[in-house]
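Visitor: Sharing data39.cif (mmCIF, N, CA and C atoms) below.
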```
data_query
#
loop_
_atom_site.label_atom_id
_atom_site.label_comp_id
_atom_site.auth_asym_id
_atom_site.auth_seq_id
_atom_site.Cartn_x
_atom_site.Cartn_y
_atom_site.Cartn_z
N MET A 1 21.06 -30.62 20.49
CA MET A 1 20.93 -29.26 20.95
C MET A 1 21.57 -28.29 19.96
N LYS A 2 22.78 -28.64 19.47
CA LYS A 2 23.46 -27.79 18.49
C LYS A 2 22.64 -27.67 17.21
N ARG A 3 22.04 -28.75 16.84
CA ARG A 3 21.26 -28.76 15.59
C ARG A 3 20.11 -27.75 15.67
N ARG A 4 19.45 -27.68 16.82
CA ARG A 4 18.34 -26.74 17.01
C ARG A 4 18.83 -25.29 16.83
N TYR A 5 19.99 -24.98 17.39
CA TYR A 5 20.53 -23.62 17.24
C TYR A 5 20.82 -23.30 15.78
N TRP A 6 21.37 -24.26 15.05
CA TRP A 6 21.64 -24.02 13.63
C TRP A 6 20.35 -23.80 12.84
N ILE A 7 19.34 -24.53 13.17
CA ILE A 7 18.05 -24.37 12.49
C ILE A 7 17.50 -22.98 12.78
N ILE A 8 17.58 -22.54 14.03
CA ILE A 8 17.09 -21.21 14.40
C ILE A 8 17.90 -20.13 13.67
N ILE A 9 19.21 -20.28 13.62
CA ILE A 9 20.07 -19.30 12.94
C ILE A 9 19.73 -19.25 11.46
N ILE A 10 19.56 -20.39 10.84
CA ILE A 10 19.23 -20.44 9.41
C ILE A 10 17.87 -19.78 9.15
N LEU A 11 16.88 -20.07 9.99
CA LEU A 11 15.57 -19.46 9.83
C LEU A 11 15.65 -17.94 9.97
N LEU A 12 16.39 -17.46 10.96
CA LEU A 12 16.55 -16.02 11.13
C LEU A 12 17.24 -15.39 9.92
N LEU A 13 18.25 -16.04 9.40
CA LEU A 13 18.93 -15.52 8.21
C LEU A 13 17.99 -15.49 7.00
N LEU A 14 17.16 -16.51 6.85
CA LEU A 14 16.21 -16.53 5.74
C LEU A 14 15.17 -15.42 5.87
N VAL A 15 14.68 -15.20 7.08
CA VAL A 15 13.72 -14.10 7.31
C VAL A 15 14.38 -12.77 7.01
N GLY A 16 15.60 -12.58 7.47
CA GLY A 16 16.34 -11.35 7.21
C GLY A 16 16.59 -11.15 5.72
N LEU A 17 16.96 -12.19 5.03
CA LEU A 17 17.19 -12.11 3.58
C LEU A 17 15.90 -11.75 2.85
N ASP A 18 14.81 -12.37 3.25
CA ASP A 18 13.51 -12.06 2.64
C ASP A 18 13.17 -10.59 2.85
N TRP A 19 13.40 -10.08 4.06
CA TRP A 19 13.11 -8.68 4.35
C TRP A 19 13.96 -7.77 3.48
N VAL A 20 15.26 -8.06 3.34
CA VAL A 20 16.16 -7.22 2.53
C VAL A 20 15.72 -7.22 1.07
N ILE A 21 15.32 -8.38 0.57
CA ILE A 21 14.93 -8.48 -0.84
C ILE A 21 13.62 -7.76 -1.11
N ARG A 22 12.64 -7.92 -0.23
CA ARG A 22 11.31 -7.36 -0.51
C ARG A 22 11.06 -6.00 0.11
N ALA A 23 11.83 -5.61 1.08
CA ALA A 23 11.58 -4.35 1.77
C ALA A 23 11.96 -3.16 0.89
N PRO A 24 11.18 -2.10 0.98
CA PRO A 24 11.56 -0.89 0.24
C PRO A 24 12.80 -0.27 0.87
N ASP A 25 13.40 0.64 0.14
CA ASP A 25 14.59 1.31 0.66
C ASP A 25 14.25 2.15 1.89
N SER A 26 15.29 2.63 2.55
CA SER A 26 15.07 3.36 3.81
C SER A 26 14.28 4.65 3.61
N ARG A 27 14.48 5.33 2.48
CA ARG A 27 13.73 6.56 2.22
C ARG A 27 12.25 6.24 2.06
N SER A 28 11.92 5.14 1.41
CA SER A 28 10.51 4.73 1.26
C SER A 28 9.91 4.40 2.61
N ARG A 29 10.65 3.70 3.45
CA ARG A 29 10.16 3.36 4.78
C ARG A 29 9.96 4.63 5.61
N GLN A 30 10.88 5.58 5.48
CA GLN A 30 10.77 6.83 6.24
C GLN A 30 9.54 7.61 5.80
N LEU A 31 9.30 7.71 4.50
CA LEU A 31 8.13 8.45 4.01
C LEU A 31 6.83 7.74 4.38
N THR A 32 6.83 6.43 4.37
CA THR A 32 5.65 5.67 4.79
C THR A 32 5.37 5.95 6.26
N ALA A 33 6.41 6.01 7.07
CA ALA A 33 6.25 6.33 8.50
C ALA A 33 5.71 7.74 8.69
N VAL A 34 6.12 8.67 7.83
CA VAL A 34 5.64 10.05 7.91
C VAL A 34 4.14 10.09 7.61
N ILE A 35 3.70 9.35 6.62
CA ILE A 35 2.26 9.30 6.31
C ILE A 35 1.50 8.82 7.54
N ALA A 36 2.01 7.76 8.17
CA ALA A 36 1.34 7.20 9.35
C ALA A 36 1.35 8.18 10.52
N ALA A 37 2.45 8.91 10.69
CA ALA A 37 2.58 9.81 11.84
C ALA A 37 1.80 11.11 11.65
N GLN A 38 1.81 11.65 10.44
CA GLN A 38 1.22 12.97 10.21
C GLN A 38 -0.21 12.92 9.70
N GLY A 39 -0.69 11.74 9.36
CA GLY A 39 -2.03 11.63 8.81
C GLY A 39 -3.10 11.98 9.82
N SER A 40 -4.22 12.43 9.30
CA SER A 40 -5.37 12.73 10.16
C SER A 40 -5.94 11.42 10.70
N ALA A 41 -6.87 11.55 11.62
CA ALA A 41 -7.53 10.36 12.16
C ALA A 41 -8.24 9.60 11.04
N LYS A 42 -8.77 10.35 10.09
CA LYS A 42 -9.47 9.73 8.95
C LYS A 42 -8.50 8.87 8.13
N LEU A 43 -7.32 9.40 7.86
CA LEU A 43 -6.32 8.66 7.09
C LEU A 43 -5.79 7.47 7.89
N LYS A 44 -5.52 7.69 9.17
CA LYS A 44 -4.98 6.61 10.01
C LYS A 44 -5.95 5.46 10.17
N SER A 45 -7.24 5.75 10.18
CA SER A 45 -8.23 4.69 10.38
C SER A 45 -8.74 4.09 9.07
N TYR A 46 -8.27 4.62 7.95
CA TYR A 46 -8.75 4.11 6.66
C TYR A 46 -8.33 2.65 6.51
N PRO A 47 -9.20 1.80 5.98
CA PRO A 47 -8.88 0.36 5.91
C PRO A 47 -7.74 0.00 4.95
N TYR A 48 -7.37 0.89 4.05
CA TYR A 48 -6.21 0.65 3.17
C TYR A 48 -5.11 1.60 3.62
N GLN A 49 -3.93 1.07 3.87
CA GLN A 49 -2.81 1.88 4.32
C GLN A 49 -1.91 2.22 3.14
N PHE A 50 -1.84 3.50 2.81
CA PHE A 50 -0.98 3.95 1.73
C PHE A 50 0.47 3.86 2.16
N ARG A 51 1.32 3.47 1.24
CA ARG A 51 2.74 3.35 1.56
C ARG A 51 3.56 3.76 0.34
N ILE A 52 4.79 4.07 0.59
CA ILE A 52 5.69 4.45 -0.49
C ILE A 52 6.34 3.18 -1.01
N LEU A 53 6.18 2.93 -2.30
CA LEU A 53 6.74 1.73 -2.90
C LEU A 53 8.21 1.93 -3.26
N LYS A 54 8.53 3.14 -3.72
CA LYS A 54 9.92 3.44 -4.05
C LYS A 54 10.07 4.95 -4.21
N VAL A 55 11.29 5.41 -4.14
CA VAL A 55 11.62 6.80 -4.40
C VAL A 55 12.69 6.80 -5.47
N THR A 56 12.41 7.52 -6.55
CA THR A 56 13.37 7.64 -7.64
C THR A 56 13.65 9.12 -7.82
N GLY A 57 14.87 9.52 -7.49
CA GLY A 57 15.21 10.94 -7.58
C GLY A 57 14.35 11.72 -6.60
N GLU A 58 13.59 12.67 -7.13
CA GLU A 58 12.71 13.50 -6.31
C GLU A 58 11.25 13.07 -6.41
N THR A 59 11.02 11.86 -6.94
CA THR A 59 9.66 11.35 -7.13
C THR A 59 9.40 10.16 -6.22
N ALA A 60 8.31 10.27 -5.47
CA ALA A 60 7.87 9.16 -4.61
C ALA A 60 6.70 8.46 -5.31
N PHE A 61 6.72 7.14 -5.26
CA PHE A 61 5.65 6.34 -5.85
C PHE A 61 4.81 5.78 -4.71
N ILE A 62 3.55 6.22 -4.66
CA ILE A 62 2.65 5.86 -3.56
C ILE A 62 1.73 4.73 -4.02
N SER A 63 1.54 3.76 -3.16
CA SER A 63 0.65 2.64 -3.49
C SER A 63 -0.80 3.12 -3.53
N THR A 64 -1.56 2.49 -4.40
CA THR A 64 -2.99 2.76 -4.50
C THR A 64 -3.71 1.46 -4.87
N PRO A 65 -4.92 1.26 -4.35
CA PRO A 65 -5.65 0.04 -4.68
C PRO A 65 -6.47 0.17 -5.96
N ARG A 66 -6.37 1.33 -6.63
CA ARG A 66 -7.19 1.52 -7.84
C ARG A 66 -6.44 2.40 -8.83
N ASN A 67 -6.80 2.25 -10.08
CA ASN A 67 -6.36 3.14 -11.16
C ASN A 67 -7.30 2.90 -12.34
N VAL A 68 -6.91 3.32 -13.50
CA VAL A 68 -7.78 3.17 -14.67
C VAL A 68 -8.04 1.70 -14.98
N GLN A 69 -7.02 0.86 -14.76
CA GLN A 69 -7.15 -0.56 -15.07
C GLN A 69 -7.94 -1.33 -14.00
N VAL A 70 -7.88 -0.86 -12.78
CA VAL A 70 -8.62 -1.50 -11.67
C VAL A 70 -9.52 -0.43 -11.08
N PRO A 71 -10.78 -0.41 -11.48
CA PRO A 71 -11.70 0.63 -11.00
C PRO A 71 -11.89 0.61 -9.49
N ALA A 72 -12.25 1.76 -8.97
CA ALA A 72 -12.42 1.94 -7.53
C ALA A 72 -13.42 0.94 -6.94
N PHE A 73 -14.47 0.61 -7.68
CA PHE A 73 -15.50 -0.26 -7.09
C PHE A 73 -14.94 -1.62 -6.68
N LYS A 74 -13.90 -2.09 -7.38
CA LYS A 74 -13.32 -3.39 -7.02
C LYS A 74 -12.60 -3.30 -5.67
N ALA A 75 -11.81 -2.27 -5.47
CA ALA A 75 -11.11 -2.10 -4.20
C ALA A 75 -12.11 -1.79 -3.08
N LEU A 76 -13.09 -0.95 -3.38
CA LEU A 76 -14.06 -0.56 -2.36
C LEU A 76 -14.91 -1.76 -1.92
N ALA A 77 -15.14 -2.71 -2.83
CA ALA A 77 -15.89 -3.91 -2.46
C ALA A 77 -15.15 -4.72 -1.40
N VAL A 78 -13.81 -4.67 -1.43
CA VAL A 78 -13.01 -5.36 -0.41
C VAL A 78 -12.96 -4.53 0.87
N LEU A 79 -12.75 -3.22 0.71
CA LEU A 79 -12.61 -2.35 1.87
C LEU A 79 -13.93 -2.19 2.64
N TYR A 80 -15.03 -2.19 1.90
CA TYR A 80 -16.36 -2.01 2.49
C TYR A 80 -17.32 -3.06 1.94
N PRO A 81 -17.21 -4.30 2.40
CA PRO A 81 -18.04 -5.38 1.84
C PRO A 81 -19.53 -5.17 2.03
N GLU A 82 -19.91 -4.32 2.96
CA GLU A 82 -21.34 -4.09 3.21
C GLU A 82 -21.98 -3.14 2.20
N ILE A 83 -21.18 -2.48 1.39
CA ILE A 83 -21.69 -1.50 0.41
C ILE A 83 -21.96 -2.18 -0.92
N ASN A 84 -23.04 -1.78 -1.55
CA ASN A 84 -23.37 -2.27 -2.89
C ASN A 84 -22.55 -1.46 -3.90
N THR A 85 -21.40 -1.99 -4.26
CA THR A 85 -20.51 -1.26 -5.18
C THR A 85 -20.93 -1.41 -6.65
N LYS A 86 -21.92 -2.21 -6.89
CA LYS A 86 -22.42 -2.37 -8.26
C LYS A 86 -23.40 -1.26 -8.65
N ASP A 87 -23.90 -0.54 -7.64
CA ASP A 87 -24.86 0.55 -7.87
C ASP A 87 -24.13 1.89 -7.70
N ALA A 88 -23.77 2.52 -8.81
CA ALA A 88 -23.01 3.77 -8.78
C ALA A 88 -23.80 4.91 -8.14
N ASN A 89 -25.12 4.76 -7.99
CA ASN A 89 -25.95 5.80 -7.38
C ASN A 89 -26.22 5.57 -5.90
N ASP A 90 -25.72 4.47 -5.36
CA ASP A 90 -25.90 4.18 -3.94
C ASP A 90 -25.15 5.23 -3.12
N PRO A 91 -25.85 5.96 -2.24
CA PRO A 91 -25.20 7.01 -1.45
C PRO A 91 -23.98 6.51 -0.65
N ALA A 92 -24.05 5.30 -0.14
CA ALA A 92 -22.92 4.75 0.61
C ALA A 92 -21.71 4.53 -0.30
N PHE A 93 -21.97 4.09 -1.52
CA PHE A 93 -20.89 3.90 -2.50
C PHE A 93 -20.28 5.24 -2.88
N ILE A 94 -21.10 6.23 -3.10
CA ILE A 94 -20.62 7.57 -3.45
C ILE A 94 -19.77 8.12 -2.30
N ALA A 95 -20.23 7.93 -1.08
CA ALA A 95 -19.49 8.40 0.10
C ALA A 95 -18.15 7.67 0.22
N ALA A 96 -18.14 6.38 -0.05
CA ALA A 96 -16.89 5.60 0.02
C ALA A 96 -15.89 6.06 -1.04
N GLN A 97 -16.39 6.34 -2.24
CA GLN A 97 -15.53 6.85 -3.31
C GLN A 97 -14.94 8.21 -2.92
N THR A 98 -15.79 9.06 -2.38
CA THR A 98 -15.34 10.39 -1.96
C THR A 98 -14.28 10.29 -0.88
N LEU A 99 -14.51 9.42 0.10
CA LEU A 99 -13.56 9.24 1.18
C LEU A 99 -12.23 8.72 0.65
N LEU A 100 -12.26 7.78 -0.27
CA LEU A 100 -11.03 7.26 -0.87
C LEU A 100 -10.25 8.39 -1.53
N GLY A 101 -10.94 9.24 -2.28
CA GLY A 101 -10.28 10.38 -2.91
C GLY A 101 -9.67 11.33 -1.89
N GLU A 102 -10.37 11.55 -0.79
CA GLU A 102 -9.89 12.46 0.25
C GLU A 102 -8.63 11.92 0.93
N VAL A 103 -8.64 10.65 1.29
CA VAL A 103 -7.47 10.11 1.98
C VAL A 103 -6.28 9.96 1.02
N GLN A 104 -6.56 9.68 -0.24
CA GLN A 104 -5.48 9.64 -1.22
C GLN A 104 -4.84 11.02 -1.35
N ALA A 105 -5.67 12.04 -1.46
CA ALA A 105 -5.15 13.41 -1.60
C ALA A 105 -4.34 13.80 -0.36
N GLU A 106 -4.80 13.41 0.82
CA GLU A 106 -4.07 13.73 2.05
C GLU A 106 -2.72 13.03 2.08
N ALA A 107 -2.69 11.74 1.74
CA ALA A 107 -1.43 11.00 1.73
C ALA A 107 -0.45 11.63 0.75
N ARG A 108 -0.93 12.01 -0.41
CA ARG A 108 -0.07 12.64 -1.43
C ARG A 108 0.46 13.98 -0.93
N ALA A 109 -0.40 14.78 -0.31
CA ALA A 109 0.02 16.10 0.20
C ALA A 109 1.10 15.94 1.28
N ILE A 110 0.96 14.95 2.14
CA ILE A 110 1.96 14.71 3.18
C ILE A 110 3.30 14.38 2.54
N VAL A 111 3.28 13.52 1.54
CA VAL A 111 4.52 13.12 0.86
C VAL A 111 5.15 14.31 0.16
N LEU A 112 4.35 15.09 -0.55
CA LEU A 112 4.88 16.24 -1.28
C LEU A 112 5.45 17.32 -0.36
N ALA A 113 5.04 17.34 0.89
CA ALA A 113 5.54 18.33 1.85
C ALA A 113 6.91 17.94 2.41
N GLN A 114 7.39 16.76 2.08
CA GLN A 114 8.66 16.29 2.64
C GLN A 114 9.84 16.83 1.84
N PRO A 115 10.93 17.15 2.52
CA PRO A 115 12.12 17.66 1.83
C PRO A 115 12.64 16.65 0.80
N GLY A 116 13.02 17.15 -0.34
CA GLY A 116 13.59 16.31 -1.38
C GLY A 116 12.57 15.64 -2.29
N ILE A 117 11.30 15.82 -2.01
CA ILE A 117 10.25 15.22 -2.84
C ILE A 117 9.54 16.33 -3.60
N LYS A 118 9.60 16.27 -4.92
CA LYS A 118 8.96 17.29 -5.75
C LYS A 118 7.75 16.75 -6.51
N ASP A 119 7.66 15.41 -6.60
CA ASP A 119 6.54 14.80 -7.32
C ASP A 119 6.13 13.52 -6.59
N ALA A 120 4.86 13.22 -6.66
CA ALA A 120 4.34 11.97 -6.10
C ALA A 120 3.42 11.35 -7.14
N ARG A 121 3.70 10.12 -7.46
CA ARG A 121 2.90 9.41 -8.47
C ARG A 121 2.28 8.17 -7.83
N TRP A 122 1.12 7.83 -8.36
CA TRP A 122 0.41 6.65 -7.86
C TRP A 122 0.88 5.42 -8.61
N GLU A 123 1.06 4.34 -7.89
CA GLU A 123 1.41 3.07 -8.50
C GLU A 123 0.48 2.00 -7.93
N LEU A 124 -0.09 1.22 -8.81
CA LEU A 124 -1.04 0.19 -8.41
C LEU A 124 -0.40 -0.79 -7.44
N ASP A 125 -1.08 -1.07 -6.35
CA ASP A 125 -0.59 -1.99 -5.32
C ASP A 125 -0.97 -3.41 -5.72
N ARG A 126 -0.15 -3.97 -6.56
CA ARG A 126 -0.43 -5.29 -7.12
C ARG A 126 -0.46 -6.38 -6.06
N GLU A 127 0.40 -6.28 -5.06
CA GLU A 127 0.43 -7.29 -3.99
C GLU A 127 -0.88 -7.27 -3.20
N TRP A 128 -1.35 -6.08 -2.85
CA TRP A 128 -2.59 -5.96 -2.08
C TRP A 128 -3.76 -6.50 -2.89
N LEU A 129 -3.81 -6.12 -4.16
CA LEU A 129 -4.91 -6.59 -5.02
C LEU A 129 -4.90 -8.11 -5.13
N ALA A 130 -3.74 -8.67 -5.40
CA ALA A 130 -3.65 -10.13 -5.54
C ALA A 130 -4.01 -10.82 -4.23
N ALA A 131 -3.60 -10.25 -3.11
CA ALA A 131 -3.92 -10.83 -1.80
C ALA A 131 -5.42 -10.81 -1.52
N HIS A 132 -6.14 -9.91 -2.19
CA HIS A 132 -7.59 -9.81 -2.01
C HIS A 132 -8.37 -10.36 -3.22
N TYR A 133 -7.68 -11.18 -3.99
CA TYR A 133 -8.29 -11.90 -5.11
C TYR A 133 -8.90 -10.97 -6.17
N ILE A 134 -8.26 -9.84 -6.38
CA ILE A 134 -8.67 -8.92 -7.44
C ILE A 134 -7.71 -9.12 -8.58
N GLU A 135 -8.24 -9.35 -9.76
CA GLU A 135 -7.42 -9.58 -10.94
C GLU A 135 -6.51 -8.39 -11.18
N VAL A 136 -5.23 -8.68 -11.29
CA VAL A 136 -4.22 -7.65 -11.51
C VAL A 136 -3.84 -7.63 -12.97
N PRO A 137 -3.97 -6.48 -13.63
CA PRO A 137 -3.62 -6.41 -15.04
C PRO A 137 -2.12 -6.57 -15.27
N GLU A 138 -1.78 -7.00 -16.46
CA GLU A 138 -0.36 -7.12 -16.84
C GLU A 138 0.26 -5.74 -16.85
N ARG A 139 1.53 -5.69 -16.63
CA ARG A 139 2.23 -4.40 -16.62
C ARG A 139 2.42 -3.89 -18.02
#
```
Produce structure tokens that represent the structure in this file.
Guide:
Amino acid sequence: MKRRYWIIIILLLLVGLDWVIRAPDSRSRQLTAVIAAQGSAKLKSYPYQFRILKVTGETAFISTPRNVQVPAFKALAVLYPEINTKDANDPAFIAAQTLLGEVQAEARAIVLAQPGIKDARWELDREWLAAHYIEVPER
């Protein structure tokens, strides 16, 4: 019986340690919560959830599934598997790209409206990309 309690305690400590190591700081968590709370229905229902990866000084770094190295069509293929992302003229693809831009702009505006934040920069969400089998470029 005692052994079971020790195993449970050790597992809880390991989960807690993992959370401390990988979790963003409290300011990042707070700003991520603000995005979720203040976002429009469009942003809240978007299949990719933007989050704050870190805050350095007055700059917040917001996660994004795309940048110059990882084009939007790769992320959109995961977010909207029913869309032909290989055809840049497909109206559904154009609409998906437009929507991604709109929700990104909204998330950034929410972050920039927060006290103490003067700049918001995009940072590639390497974990999300790797989890969805999208090749992640070297840093």
Visitor: I need the residue nearest Tyr80 in chain A from this list: A:Arg126, A:Pro47, A:Gly101, A:Val34. Use all atoms listed in the file for the distance.
Guide: A:Pro47
Visitor: Report as a list in words all protein, DNA and RNA residues lying within 9 Å of Arg121 in chain A, evaluated on only C-alpha atoms, omitting residues in the same chain fewer than 5 positions from it.
Guide: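 My reading of the contact set: Thr59, Ala60, Phe61, Ile62, Ser63 and Arg108 of chain A.
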Visitor: Write to file, as a compact mmCIF listing (two decimals), in the frame of the given file, the residues of the selection just made, with N, CA and C atoms.
Guide:
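What ended up in again23.txt:
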```
# COMPACT_ATOMS: atom_id res chain seq x y z
N THR A 59 11.02 11.86 -6.94
CA THR A 59 9.66 11.35 -7.13
C THR A 59 9.40 10.16 -6.22
N ALA A 60 8.31 10.27 -5.47
CA ALA A 60 7.87 9.16 -4.61
C ALA A 60 6.70 8.46 -5.31
N PHE A 61 6.72 7.14 -5.26
CA PHE A 61 5.65 6.34 -5.85
C PHE A 61 4.81 5.78 -4.71
N ILE A 62 3.55 6.22 -4.66
CA ILE A 62 2.65 5.86 -3.56
C ILE A 62 1.73 4.73 -4.02
N SER A 63 1.54 3.76 -3.16
CA SER A 63 0.65 2.64 -3.49
C SER A 63 -0.80 3.12 -3.53
N ARG A 108 -0.93 12.01 -0.41
CA ARG A 108 -0.07 12.64 -1.43
C ARG A 108 0.46 13.98 -0.93
```
Visitor: Would you write out, as a list in words, every residue that the PyMOL selection byres ((chain A and resi 38-45) around 8) captures in this file?
Guide: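 Selected by the PyMOL selection byres ((chain A and resi 38-45) around 8) here: Thr32, Ala33, Val34, Ile35, Ala36, Ala37, Tyr46, Pro47, Tyr48, Gln49, Phe50, Glu102, Val103, Gln104, Glu106, Ala107 and Ile110 of chain A.
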Visitor: In Å, rounded to a single decimal, give me how far atom N of Arg27 in chain A is from atom C of Gln69 in chain A.
Guide: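 So the two atoms, atom C of Gln69 in chain A and atom N of Arg27 in chain A, lie 28.6 Å apart.
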Visitor: Could you go through range 22-87 of chain A and tell me which residues DSSP, when run on the backbone, assigns to strand (DSSP E), listing them as a ChimeraX atom specification?
Guide: /A:52-56,59-64
Visitor: Tell me, in Å to one decimal, how far CA of Pro65 in chain A is from CA of Glu123 in chain A.
Guide: 8.6 Å
Visitor: What is the distance between CA of Phe73 in chain A and atom N of Thr98 in chain A, in Å to one decimal?
Guide: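 The value is 10.4 Å.
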Visitor: Choose the residue, out of A:Ala95, A:Val15, A:Ala75, A:Ile9, that has the smallest atom-to-atom separation from Leu129 in chain A; count all atoms listed in the file.
Guide: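 Between A:Ala95, A:Val15, A:Ala75, A:Ile9, the residue approaching Leu129 in chain A most closely is A:Ala75.
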Visitor: Can you pull out every residue within 7 Å of Asp25 in chain A, counting all atoms listed in the file, but drop anything in the same chain fewer than 3 positions away, and send it as a PyMOL selection string?
Guide: chain A and resi 28-30+53-55
Visitor: Evaluate the PyMOL selection byres (((chain A and resi 96 and name CA) around 10) and name CA) here and jot the selected residues down as a PyMOL selection string.
Guide: chain A and resi 72-73+76-77+79-80+83+85+90-95+97-102
Visitor: With distances taken over only C-alpha atoms, which of A:Val136, A:Ala120, A:Val68, A:Leu13 is nearest to Thr56 in chain A?
Guide: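 The closest residue to Thr56 in chain A is A:Ala120.
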